[in-house]
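Novice: Here it is, the structure, as structure tokens.
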Amino acid sequence: MLTRRHFLAASAASAALAGELFAAPKDSDTPSADLEKLGDIALREAKKSKATYCDIRIVRLRDQRVGLRLSPERGTNKTLAVPNVFEDSSFGFGVRVIVNGAWGFAASPVVTPEEIARITGEAVIIAKANASVQPKPVQLAPVKAYRTRWETPHDKDPLAIPMQEKLELLRAAAEEVKKNPRVFGGAATLNLRSEDKYFASSEGSSIQQLILQIYGNVNATAVDRAKGISRSRTYSPTQASAGWEYVPEMNLRENAGRIREEVVEHLSAPPVKPGKKDLVLLPSHLCLTVHESVAHPTELDRALGYEANYAGTSYITMDKIGKRIASEHCTFIGDRISPRALGTTGYDDEGVKATRFTIIDKGIFRNYQTTREQAHLVGDKESHGCCQADSWATVPFQRMPNVWLQAGPRETTLESLIAGIDDGVLIDGQGNYSIDQQRYNFQFGGDAFWEIKNGKKGNMISRVAYQGRTPDFWQSCDGTAGQAYWQQFGLTGDAKGEPTQINSISHGCSPTRFRNVNVLITD
Amino acid sequence: MLTRDEAQQLAKKLLGYSTFPECQVTITSWEQAYTRFANNGITTASFNLRNTVSIVSTREGRTGSYGVNDLDDASLKAAVKKAEELAAIAPPDPERLPAIGAQTFADTHDYDEATAVARAPQMIPHVKTIIDLAMKQKLVAAGLIERSHRVTAVANKNGLFGFHRAADSQLTTTIRMPDGSSSGWAGQPSTKLSEIDSARLGATASEKCLRWRKPQKIDPGNYTVLMEPTAAGDLVRLMAGAFSARETDEGRTFLSKRGGGTLLGEKVFPEFVTLRTDPFDPRQPALPWTNDLLPTRAISWIEKGVIANLAYDRYWANKTGKPATPGAGGRGGGGGFGFGAQGALTLEGGKASMDELIASVDRGLLITHFWYIRGVNQQTLQQTGLTRDGLFLIENGKITTPVMNFRFLESPVRLLKNTKMLGPAMRVRGLEGGMMIAPALVATDFPLPSISDAI
């Protein structure tokens, strides 16, 4: 337990340890020697305790959140600009061991040699206790040993950019939103994350990584007091793993004017007429549908019942391997190597080199997402590199990679998809989303909706959601636009596991058409 | 974990580093131990420690916040400096009020030493009880047992200091048929690990699993429902944010009247509906201060069906000439659900037993709990989600048939308006993590528009 002595002992720890530990010559391709020394302590201690496996992650997370909200002041015509400037840093380590065939894990924020040795001992104690209720010993797929460094490709560290520059960017976007007096409130946010991570294992790996992420949005709210309704509209540019040089590409201000006018239109947009309709889903929206109805059900731990108590199991059971679960237009790839995607990394949290693999090939289910512990359960010789923890304090387990829906033929365009619809809806952005614990029944809303009539995009409509049954829905997909339309979007709050952990990944696709979907009217 | 004196010393040190007229520090130290199990074996277990120091510095209305978990003197000094640097370049916050002075925070009753220090020897026997029970019946158990111990301290340069420590625990289990053809769930949160009853939970989950085999398809539609306390809590807790006075005044909650004004003082719900916050109820942990650092106290939001209070934070109270509401949260945001009443929420129960509630239903559905609940409309609080782990048809006052899961599409506001009877209230914690004290309830006209094939 964290005694008073341990809590206060941190005061005696070497000052600014994290900054020094992760700093290294820019062109170095091996991890910091100091990190390797600390890692060795856990590995040696575990070996002494007869652990058959040990890994340690030393992690520093830094998170900067900047926001600016423009709201009307009560009783005046003034607009108040309410800023929010926050930065957070978290540094610690977690040790994982296998003893007597069972896992043990312990973690601490006090990164000192003595504490690493002590916490490794705690992990061993836990593993021994767990072994008494362990039906089969843990079996890990082989992995190569790496001694290397990896970084998100970047020119400028986003956290090093002056705060003033960030606030000015947000102010310009929020003010653009408020230019229409019918807009009640405007807001803009920017989140910048940096994760320094060191991994060492008893199988010889020593890996230092730096992962950077940037995301932000602009939001507009409009209120009609007479009718008693409020509507919002959000522009969320691609959430990216990148340096500050990506920020101008987010075009926050450039899109603020568009959402300003659309939120006002949304406020008076007529409600949808519910019924069976065809849908064209834009990438900003479909990314979430892919996430919930394809990426989650192809997690092997779900399929095998390991998440039964919370996240659930999966409709894609083992007997579905090699079977059709979607139309021939649907090829899905698991990927941890593509540039700028949030789930892209050099190595996962058990030292497996990042890779890409086919999940669904032209509608036929091929592969689950796996970790080293799971590979043998589906007859694979190696892991697909999908092991991740959201912090130094949490246990790494199976998390999804980026999942892409491959683009369709070049001649398929957004316009050609719309042209093939008599009565349908075009959906942009994310709204409400909910799916059952086996990923069959889902309901998705959106951020903005347009009627499609007789092959043409019409006016905005409101109060739209669609419900479906996942296998039927993906079988009803009859076209996806070509590569020129393909876009990736990141999701930064993917929750799974108990206690819940958060994951950030990207999903990419082109505008895609679905036939005969059940469209509802909501409040 | 930190004692009150040690937390006060650490806070004093941090405030001593501050060069700004206003500085507020929040120190948390959190220790957690848990064991997960699935497929009748332990899968992972962890023991972890976390601490954070958050510094909020303000000068001339400009505020910067910095959080850090390195507790050495150099890192703490650097963190205070960083917060001041952020504040110096932040624009002035026109909604900021001056820091408040010393407050008296009452003691809450949510710390149990045995729970705070429990480890594997106290938790694994519960896991074994459930797995043994499942295996005896040829069923498959999964679940989680966890306990946490949290210390929180707040202080500012005006002499305010608050200290709070709490322990909490929970055991949840899902028991399934080996072929995945049925599933039952049971869970119990408790501030005292000694009160966790694994034998009862295992028996409840396995009985539900066995009883729910071969669920029948019945037509989607509006049904009378009997929600078990966890199911009722899953939905009712989502009303808390809507009591934000600011968002209500701005026309953005279900308590806003069309054309202006609010429903404060009006009877909106049946006579027997009382919804309140009680931070001193020993059954659930709660901080003794609000986000604005005012002392909390028990407060009713709905009293016998009447809207009794709205939640005024310091800014909105100041703006409207009303007193700030103890039990309210911080400032409202610019388009979300806002931050109104939060924590230690209680929907008062009634006198009917579970058997009496079942007997009161001519034709309806018994719901164990819900899953993946998400807001559809921020204003009406319409939600969607799904039933899970045990759904049964009640006919002529008796449970008769297991039925397939449904998606629902409904607001807890309409749910409470349609509520006819309440059972005894107990502490519940849903799969989405929210907790409150809630009773079983019977309500009419609950919309279940589509079937889910999920087990």
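Please note that chains go A, B, ... in the order of the structure tokens, that every chain numbers its residues from 1, and that ligands are numbered from 1 in the order shown.
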Quick one: everything within 8 Å of Asp422 of chain A, counting only C-alpha atoms, minus sequence neighbours fewer than 6 positions away in the same chain. Send it as a CSV table (one decimal) with N, CA and C atoms, in the first residue's frame.

Specialist:
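File written: selection-v6.csv
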chain,number,residue,atom,x,y,z
A,452,ILE,N,-32.3,13.3,-48.7
A,452,ILE,CA,-32.0,13.0,-50.1
A,452,ILE,C,-33.3,12.6,-50.7
A,453,LYS,N,-33.7,13.3,-51.8
A,453,LYS,CA,-34.9,13.0,-52.5
A,453,LYS,C,-34.6,13.0,-54.0
A,454,ASN,N,-35.0,11.9,-54.6
A,454,ASN,CA,-34.9,11.7,-56.1
A,454,ASN,C,-33.5,12.0,-56.6
A,455,GLY,N,-32.5,11.4,-55.8
A,455,GLY,CA,-31.1,11.5,-56.3
A,455,GLY,C,-30.4,12.8,-56.0

Novice: Please identify all residues of chain B having at least one atom at most 6 Å from any atom of chain A, considering only C-alpha atoms, and return them as a compact mmCIF listing (two decimals) with C-alpha atoms, in the first residue's frame.

Specialist:
# COMPACT_ATOMS: atom_id res chain seq x y z
CA MET B 1 -2.20 7.56 2.77
CA LEU B 2 -1.89 11.19 3.80
CA ALA B 38 -13.80 -14.59 -16.39
CA GLY B 41 -10.69 -18.15 -13.49
CA ILE B 42 -8.85 -14.99 -12.43
CA SER B 46 -3.80 -5.09 -9.80
CA PHE B 47 -2.60 -3.02 -6.93
CA ASN B 48 -1.90 0.56 -7.86
CA LEU B 49 -1.28 3.90 -6.30
CA GLY B 64 -4.12 28.95 -15.21
CA SER B 65 -4.33 25.34 -14.03
CA TYR B 66 -1.57 22.79 -13.85
CA GLY B 67 -1.68 19.20 -12.62
CA VAL B 68 1.29 17.09 -11.65
CA ASN B 69 2.01 13.84 -9.85
CA LEU B 71 5.83 15.29 -5.58
CA ASP B 72 9.44 16.29 -5.15
CA ASP B 73 9.99 19.91 -4.12
CA ALA B 74 11.48 20.93 -7.44
CA SER B 75 8.55 19.47 -9.41
CA ASP B 93 -12.23 35.20 -17.18
CA ALA B 142 -17.07 -13.43 -14.95
CA GLY B 143 -16.79 -10.40 -12.70
CA THR B 174 -22.18 -12.00 -14.86
CA ARG B 258 -41.35 27.67 -23.23
CA GLY B 259 -41.00 31.40 -23.71
CA TYR B 372 -24.87 1.53 -23.22
CA VAL B 376 -30.37 11.53 -27.51
CA SER B 452 -31.85 -6.97 -29.58
CA ALA B 454 -27.81 -10.05 -27.75

Novice: Excluding same-chain residues fewer than 6 positions from Phe365 of chain A, what lies within 9 Å of it counting only C-alpha atoms, as an mmCIF file with N, CA and C atoms, in the first residue's frame?

Specialist:
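Contents of part32.cif, freshly written:
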data_model
loop_
_atom_site.group_PDB
_atom_site.id
_atom_site.type_symbol
_atom_site.label_atom_id
_atom_site.label_comp_id
_atom_site.auth_asym_id
_atom_site.auth_seq_id
_atom_site.Cartn_x
_atom_site.Cartn_y
_atom_site.Cartn_z
ATOM 1 N N THR A 298 -14.822 -7.579 -33.288
ATOM 2 C CA THR A 298 -13.725 -8.434 -33.757
ATOM 3 C C THR A 298 -12.562 -8.464 -32.764
ATOM 4 N N ILE A 316 -19.740 -11.966 -33.361
ATOM 5 C CA ILE A 316 -18.796 -12.629 -34.272
ATOM 6 C C ILE A 316 -18.054 -13.696 -33.466
ATOM 7 N N LYS A 320 -17.523 -18.026 -36.986
ATOM 8 C CA LYS A 320 -17.755 -17.106 -38.113
ATOM 9 C C LYS A 320 -16.482 -16.899 -38.949
ATOM 10 N N ILE A 321 -15.335 -17.392 -38.480
ATOM 11 C CA ILE A 321 -14.105 -17.224 -39.265
ATOM 12 C C ILE A 321 -14.303 -17.905 -40.626
ATOM 13 N N GLY A 322 -14.056 -17.148 -41.680
ATOM 14 C CA GLY A 322 -14.240 -17.678 -43.035
ATOM 15 C C GLY A 322 -15.650 -17.531 -43.566
ATOM 16 N N LYS A 323 -16.551 -16.955 -42.751
ATOM 17 C CA LYS A 323 -17.954 -16.805 -43.186
ATOM 18 C C LYS A 323 -18.247 -15.350 -43.575
ATOM 19 N N ARG A 324 -19.295 -15.174 -44.368
ATOM 20 C CA ARG A 324 -19.700 -13.829 -44.787
ATOM 21 C C ARG A 324 -20.447 -13.130 -43.655
ATOM 22 N N ILE A 325 -19.984 -11.911 -43.307
ATOM 23 C CA ILE A 325 -20.697 -11.136 -42.285
ATOM 24 C C ILE A 325 -21.004 -9.719 -42.792
ATOM 25 N N ALA A 326 -20.614 -9.420 -44.036
ATOM 26 C CA ALA A 326 -20.892 -8.106 -44.623
ATOM 27 C C ALA A 326 -20.917 -8.280 -46.138
ATOM 28 N N THR A 358 -5.661 -8.051 -42.159
ATOM 29 C CA THR A 358 -7.035 -8.018 -42.667
ATOM 30 C C THR A 358 -7.987 -8.560 -41.600
ATOM 31 N N ILE A 359 -9.053 -7.819 -41.353
ATOM 32 C CA ILE A 359 -10.083 -8.295 -40.416
ATOM 33 C C ILE A 359 -11.231 -8.919 -41.208
#

Novice: Could you pull out all residues of segment 254-370 of chain B with a DSSP call of strand (DSSP E or B) and give them as a list in words?

Specialist: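 Written out, the strand (DSSP E or B) residues of segment 254-370 of chain B are Ser256, Thr262, Lys267, Leu275, Arg276, Thr277, Trp289, Pro295, Ile299, Ser300, Trp301, Ile302, Glu303, Val306, Ile307, Ala311, Leu345, Thr346, Leu347, Arg363, Gly364, Leu365, Leu366, Ile367, Thr368, His369 and Phe370 of chain B.
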
Novice: When you look at Ile100 of chain B with a cut-off of 9 Å (counting only C-alpha atoms), what residues show up, excluding the ones that are within fewer than 4 positions of it in the same chain? I need them as a list of chain:residue names.

Specialist: B:Asn156, B:Asn158, B:Gly159, B:Leu160, B:Asp292, B:Leu293, B:Leu294

Novice: Given the choices B:Ser148, B:Glu85, B:Thr3, B:Gly397, which gets closest to Ser360 of chain B if the distance is worked out from only C-alpha atoms?

Specialist: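 Closest to Ser360 of chain B, using only C-alpha atoms: B:Gly397.
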
Novice: Based on DSSP run over this structure's backbone, return all residues of segment 313-395 of chain A in helix (DSSP H, G or I), as JSON, numbers by chain.

Specialist: {"A": [318, 319, 320, 375, 376, 377, 378]}

Novice: Write a file of the just-selected residues containing N, CA and C atoms, as a CSV table (one decimal), in the first residue's frame.

Specialist:
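out.csv, written as the output of this step:
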chain,number,residue,atom,x,y,z
A,318,MET,N,-16.3,-17.6,-32.9
A,318,MET,CA,-15.2,-18.3,-33.6
A,318,MET,C,-15.7,-19.0,-34.8
A,319,ASP,N,-16.9,-19.5,-34.8
A,319,ASP,CA,-17.4,-20.3,-36.0
A,319,ASP,C,-17.6,-19.4,-37.2
A,320,LYS,N,-17.5,-18.0,-37.0
A,320,LYS,CA,-17.8,-17.1,-38.1
A,320,LYS,C,-16.5,-16.9,-38.9
A,375,ALA,N,-3.0,-15.2,-29.0
A,375,ALA,CA,-2.7,-15.7,-30.4
A,375,ALA,C,-3.0,-17.2,-30.5
A,376,HIS,N,-2.5,-18.0,-29.5
A,376,HIS,CA,-2.6,-19.4,-29.7
A,376,HIS,C,-4.1,-19.9,-29.6
A,377,LEU,N,-4.9,-19.0,-29.0
A,377,LEU,CA,-6.4,-19.4,-28.9
A,377,LEU,C,-7.1,-19.5,-30.3
A,378,VAL,N,-6.5,-18.8,-31.3
A,378,VAL,CA,-7.1,-18.9,-32.6
A,378,VAL,C,-6.1,-19.5,-33.6

Novice: What gap, in Å, lies between atom CA of Lys81 of chain B and atom CA of Thr112 of chain A?

Specialist: 24.7 Å

Novice: Skip segment 408-411 of chain B itself and residues of its chain fewer than 5 positions away, then list as a ChimeraX atom specification all residues within 9 Å of it, counting only C-alpha atoms.

Specialist: /A:522 /B:235-236,239,375-377,380-387,416,446-450

Novice: Distance atom CA of Ser205 of chain A-atom CA of Tyr146 of chain A, one decimal place?

Specialist: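 Atom CA of Ser205 of chain A sits 4.7 Å away from atom CA of Tyr146 of chain A.
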
Novice: Looking at only C-alpha atoms, which of A:Glu299, A:Asp55, A:Glu292, A:Glu451 is the one that sits closest to Gly39 of chain A?

Specialist: A:Asp55

Novice: Looking at B:Gly61, B:Gly180, B:Gly261, B:Gly434, which one is nearest to Trp212 of chain B, with distances taken over only C-alpha atoms?

Specialist: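 Residue with the minimum atom-to-atom distance to Trp212 of chain B: B:Gly180.
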
Novice: Closest to Ala245 of chain B among B:Ala317, B:Val225, B:Ala45, B:Leu357, using only C-alpha atoms?

Specialist: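 Of B:Ala317, B:Val225, B:Ala45, B:Leu357, the one nearest Ala245 of chain B, counting only C-alpha atoms, is B:Ala317.
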
Novice: What is the atom CA of Pro178 of chain B to atom CA of Met135 of chain B distance in Å?

Specialist: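 So the two atoms, atom CA of Pro178 of chain B and atom CA of Met135 of chain B, lie 10.1 Å apart.
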
Novice: Hey, what's within 7 Å of segment 277-291 of chain B if we count only C-alpha atoms and toss same-chain stuff fewer than 4 positions away? As an mmCIF file with N, CA and C atoms, in the first residue's frame, please?

Specialist:
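Ended up saving to around-v4.cif:
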data_model
loop_
_atom_site.group_PDB
_atom_site.id
_atom_site.type_symbol
_atom_site.label_atom_id
_atom_site.label_comp_id
_atom_site.auth_asym_id
_atom_site.auth_seq_id
_atom_site.Cartn_x
_atom_site.Cartn_y
_atom_site.Cartn_z
ATOM 1 N N PHE B 105 -16.218 22.394 6.879
ATOM 2 C CA PHE B 105 -16.766 21.230 6.176
ATOM 3 C C PHE B 105 -17.094 20.139 7.193
ATOM 4 N N ALA B 106 -18.307 19.675 7.164
ATOM 5 C CA ALA B 106 -18.726 18.636 8.103
ATOM 6 C C ALA B 106 -18.073 17.308 7.720
ATOM 7 N N THR B 108 -18.027 13.555 6.632
ATOM 8 C CA THR B 108 -18.923 12.565 6.023
ATOM 9 C C THR B 108 -18.639 11.227 6.704
ATOM 10 N N HIS B 109 -19.417 10.232 6.367
ATOM 11 C CA HIS B 109 -19.304 8.956 7.098
ATOM 12 C C HIS B 109 -19.041 7.835 6.118
ATOM 13 N N ASP B 110 -17.992 7.986 5.325
ATOM 14 C CA ASP B 110 -17.786 7.044 4.240
ATOM 15 C C ASP B 110 -16.389 6.437 4.257
ATOM 16 N N HIS B 164 -10.712 15.142 3.186
ATOM 17 C CA HIS B 164 -11.736 14.103 3.130
ATOM 18 C C HIS B 164 -11.088 12.783 2.759
ATOM 19 N N ALA B 166 -12.156 8.585 1.980
ATOM 20 C CA ALA B 166 -13.290 7.687 1.778
ATOM 21 C C ALA B 166 -12.778 6.347 1.261
ATOM 22 N N SER B 190 -20.529 -1.092 -2.029
ATOM 23 C CA SER B 190 -20.656 -0.853 -0.593
ATOM 24 C C SER B 190 -19.443 -0.089 -0.084
ATOM 25 N N THR B 191 -19.685 0.848 0.827
ATOM 26 C CA THR B 191 -18.556 1.541 1.448
ATOM 27 C C THR B 191 -17.838 0.613 2.431
ATOM 28 N N PRO B 295 -19.525 24.352 1.488
ATOM 29 C CA PRO B 295 -19.912 23.105 2.162
ATOM 30 C C PRO B 295 -21.179 22.524 1.546
ATOM 31 N N THR B 296 -21.213 21.228 1.410
ATOM 32 C CA THR B 296 -22.442 20.588 0.933
ATOM 33 C C THR B 296 -23.378 20.330 2.115
ATOM 34 N N ARG B 297 -24.620 20.206 1.804
ATOM 35 C CA ARG B 297 -25.587 19.683 2.784
ATOM 36 C C ARG B 297 -26.699 18.988 2.012
ATOM 37 N N ALA B 298 -27.511 18.254 2.742
ATOM 38 C CA ALA B 298 -28.599 17.545 2.069
ATOM 39 C C ALA B 298 -29.566 18.563 1.463
ATOM 40 N N ILE B 299 -30.049 18.276 0.275
ATOM 41 C CA ILE B 299 -30.970 19.199 -0.401
ATOM 42 C C ILE B 299 -31.896 18.397 -1.314
ATOM 43 N N SER B 300 -33.153 18.788 -1.361
ATOM 44 C CA SER B 300 -34.108 18.115 -2.246
ATOM 45 C C SER B 300 -34.157 18.836 -3.585
ATOM 46 N N PRO B 326 -25.957 24.622 -1.826
ATOM 47 C CA PRO B 326 -25.108 23.550 -1.332
ATOM 48 C C PRO B 326 -25.516 22.252 -2.015
ATOM 49 N N GLY B 327 -24.579 21.514 -2.508
ATOM 50 C CA GLY B 327 -24.942 20.304 -3.248
ATOM 51 C C GLY B 327 -24.894 20.535 -4.735
ATOM 52 N N ALA B 328 -24.643 21.790 -5.161
ATOM 53 C CA ALA B 328 -24.540 22.078 -6.589
ATOM 54 C C ALA B 328 -23.107 21.906 -7.053
ATOM 55 N N GLY B 329 -22.942 21.818 -8.331
ATOM 56 C CA GLY B 329 -21.615 21.638 -8.880
ATOM 57 C C GLY B 329 -21.006 22.967 -9.304
ATOM 58 N N GLY B 330 -20.127 22.918 -10.292
ATOM 59 C CA GLY B 330 -19.437 24.125 -10.737
ATOM 60 C C GLY B 330 -20.223 24.840 -11.808
ATOM 61 N N GLY B 343 -23.582 13.696 -7.325
ATOM 62 C CA GLY B 343 -23.068 12.933 -6.197
ATOM 63 C C GLY B 343 -24.121 12.680 -5.145
ATOM 64 N N ALA B 344 -24.047 11.495 -4.526
ATOM 65 C CA ALA B 344 -24.884 11.165 -3.384
ATOM 66 C C ALA B 344 -26.368 11.397 -3.654
ATOM 67 N N LEU B 345 -26.789 11.080 -4.863
ATOM 68 C CA LEU B 345 -28.179 11.274 -5.253
ATOM 69 C C LEU B 345 -29.040 10.134 -4.708
ATOM 70 N N THR B 346 -30.227 10.482 -4.243
ATOM 71 C CA THR B 346 -31.142 9.468 -3.697
ATOM 72 C C THR B 346 -32.543 9.696 -4.245
ATOM 73 N N ARG B 427 -28.414 1.219 -2.400
ATOM 74 C CA ARG B 427 -27.340 1.802 -3.216
ATOM 75 C C ARG B 427 -27.112 0.926 -4.443
#

Novice: Compile the contact shell of Ser236 of chain A as a PyMOL selection string: residues with an atom at most 8 Å away, counting only C-alpha atoms, same-chain residues fewer than 3 positions apart removed.

Specialist: chain A and resi 216-218+239+429
